Amino acid sequence: MSNIKKVAFIGTGIMGAYMAGHLMNHGYELSVYNRTVEKAKPLAERGARLADSVADCVREADAVITIIGYPKDVEEVWLGEAGVIASARKGALLIDMTTSAPALAVKLYESAKERGLRAVDAPVTGGDTGAKAGTLTILAGGDEADFEVARPLFEAMGKNIVYTGKAGNGQHTKMCNQIAIAGALSGAAEAISYARAAGLDTEAMVSAIATGAAGSFQLSNVAKKGMEGDFAPGFMMKHFVKDMGLADEEAVRNGVKLPILENVLDICRRLEASGHAEEGTQSILRFYE
């Protein structure tokens with residue numbers, strides 16, 4: 001049974017703003033914080049309390065949710081001198097929904113426990129479309145009792161809510177997701193590249209194969225956007241590079257060779273370096289042009 005009423009939400013970017021909005025729609029009292037204050041102001045205009053620091057945001061919250069950029073940002077926000085763990089009230093439930101390193105998730109869990117706090121790693125998949133619609137898949141790791149307390153929060157933001165096991169397992173499961181996306185997205189991009197070279201109508205080609213065994217979200221939605229010249233981010237290339245890099249590091253640590261992931265990561269790092277970091281992942285099509 002969850003008695004969470006006050007939620008601190010840190011990170012109101014492309015996805016976080018929608019997610020926080022859904023929590024408000026479900027009646028939670030929100031305090032919000034974002035390093036770029038302008039990104040949090042629309043939520044403040046709806047009634048959220050705009051905090052001026054991480055400590056100010058979390059100190060009275062029953063639950064704290066973070067969805068920020070990179071593992072180093074998570075470590076700073078959670079473990080800093082005036083960070084989440086140092087500032088949250090005893091007994092608070094802390095949830096990191098950033099895609100981050102599994103080892104860091106375990107470190108946060110253990111650090112929180114030492115201070116009488118509860119921590120769950122719960123990265124999401126579904127992009128800005130899923131965040132906006134409230135249909136995200138949420139992959140949670142930590143103590144199952146804490147997951148059940150967090151469940152109503154997750155149900156306000158997503159549809160497929162999955163408990164994956166111990167701390168860090170949510171992040172490991174998200175690594176699997178990003179590995180699978182790397183193959184599907186690059187495959188879709190290569191199919192489009194081949195179709196163009198063969199003189200096919202690419203729209204007709206995608207329609208023809210999307211309902212068969214080759215069908216995927218990456219083909220019908222992500223790659224198709226790039227094919228139509230739309231490179232606006234649903235999920236930024238730089239964040240995809242970060243995620244694939246984390247997955248590759250974990251694979252190496254576990255003695256697993258992932259050649260497709262490594263190849264796609266190399267392609268995307270080149271695109272990131274050539275000015276496409278803040279475009280959507282569909283900009284992988286540019287590599288083939």
# chains A, B, ... in the order shown; residues from 1 in each chain; ligands from 1

call {"tool": "residues_around", "arguments": {"residues": "segment 242-254 of chain A", "least_positions_apart": "5", "cutoff": "8 Å", "atoms": "only C-alpha atoms", "output": "number ranges by chain"}}
result
A: 70, 99-101, 175-176, 178-179, 182, 261-262, 265

call {"tool": "residues_around", "arguments": {"residues": "Val54 of chain A", "least_positions_apart": "4", "cutoff": "12 Å", "atoms": "only C-alpha atoms", "output": "PyMOL selection string"}}
result
chain A and resi 8-11+31-35+50+58-61+64-66+74+76-88

call {"tool": "residues_around", "arguments": {"residues": "Thr202 of chain A", "least_positions_apart": "2", "cutoff": "12 Å", "atoms": "only C-alpha atoms", "output": "list in words"}}
result
Ala188, Ala189, Glu190, Ala191, Ile192, Ser193, Tyr194, Ala195, Arg196, Ala197, Ala198, Gly199, Leu200, Ala204, Met205, Val206, Ser207, Ala208, Ile209, Ala210, Leu219, Ser220, Ala223, Lys224, Lys225, Gly226, Met227 and Glu228 of chain A

call {"tool": "write_last_selection", "arguments": {"atoms": "C-alpha atoms", "output": "mmCIF file, in the first residue's frame"}}
result
data_model
loop_
_atom_site.group_PDB
_atom_site.id
_atom_site.type_symbol
_atom_site.label_atom_id
_atom_site.label_comp_id
_atom_site.auth_asym_id
_atom_site.auth_seq_id
_atom_site.Cartn_x
_atom_site.Cartn_y
_atom_site.Cartn_z
ATOM 1 C CA ALA A 188 15.901 -0.515 -40.979
ATOM 2 C CA ALA A 189 18.373 2.145 -42.133
ATOM 3 C CA GLU A 190 20.155 -0.341 -44.378
ATOM 4 C CA ALA A 191 16.864 -1.523 -45.892
ATOM 5 C CA ILE A 192 15.970 2.083 -46.742
ATOM 6 C CA SER A 193 19.445 2.699 -48.148
ATOM 7 C CA TYR A 194 19.163 -0.416 -50.333
ATOM 8 C CA ALA A 195 15.673 0.600 -51.517
ATOM 9 C CA ARG A 196 16.928 4.012 -52.591
ATOM 10 C CA ALA A 197 19.865 2.502 -54.475
ATOM 11 C CA ALA A 198 17.520 0.056 -56.233
ATOM 12 C CA GLY A 199 15.169 2.853 -57.268
ATOM 13 C CA LEU A 200 12.242 1.683 -55.139
ATOM 14 C CA ALA A 204 5.789 1.758 -50.504
ATOM 15 C CA MET A 205 8.663 -0.502 -49.480
ATOM 16 C CA VAL A 206 8.276 0.301 -45.786
ATOM 17 C CA SER A 207 4.518 -0.224 -45.987
ATOM 18 C CA ALA A 208 5.056 -3.547 -47.738
ATOM 19 C CA ILE A 209 7.499 -5.055 -45.251
ATOM 20 C CA ALA A 210 6.348 -3.400 -42.013
ATOM 21 C CA LEU A 219 11.298 0.661 -39.072
ATOM 22 C CA SER A 220 7.745 2.026 -39.039
ATOM 23 C CA ALA A 223 13.691 5.203 -39.446
ATOM 24 C CA LYS A 224 10.599 6.248 -41.404
ATOM 25 C CA LYS A 225 10.792 9.729 -39.846
ATOM 26 C CA GLY A 226 14.373 10.092 -41.052
ATOM 27 C CA MET A 227 13.430 8.747 -44.474
ATOM 28 C CA GLU A 228 10.888 11.586 -44.701
#

call {"tool": "residues_around", "arguments": {"residues": "segment 91-94 of chain A", "least_positions_apart": "6", "cutoff": "8 Å", "atoms": "only C-alpha atoms", "output": "PyMOL selection string"}}
result
chain A and resi 61-65+116-120+146+150

call {"tool": "write_last_selection", "arguments": {"atoms": "C-alpha atoms", "output": "compact mmCIF listing (two decimals), in the first residue's frame"}}
result
# COMPACT_ATOMS: atom_id res chain seq x y z
CA ALA A 61 9.05 14.57 -0.46
CA ASP A 62 7.66 11.10 0.18
CA ALA A 63 9.23 9.98 -3.11
CA VAL A 64 11.98 11.40 -5.31
CA ILE A 65 12.20 10.70 -9.05
CA GLY A 116 17.46 4.76 6.08
CA LEU A 117 16.23 5.43 2.53
CA ARG A 118 14.89 3.09 -0.18
CA ALA A 119 16.17 3.14 -3.75
CA VAL A 120 14.83 1.69 -7.00
CA ASP A 146 9.73 -0.92 -2.63
CA ALA A 150 6.36 2.77 -6.33

call {"tool": "residues_around", "arguments": {"residues": "Glu155 of chain A", "least_positions_apart": "2", "cutoff": "12 Å", "atoms": "only C-alpha atoms", "output": "VMD selection string"}}
result
chain A and resid 19 22 to 23 25 to 26 131 134 to 138 147 to 153 157 to 162
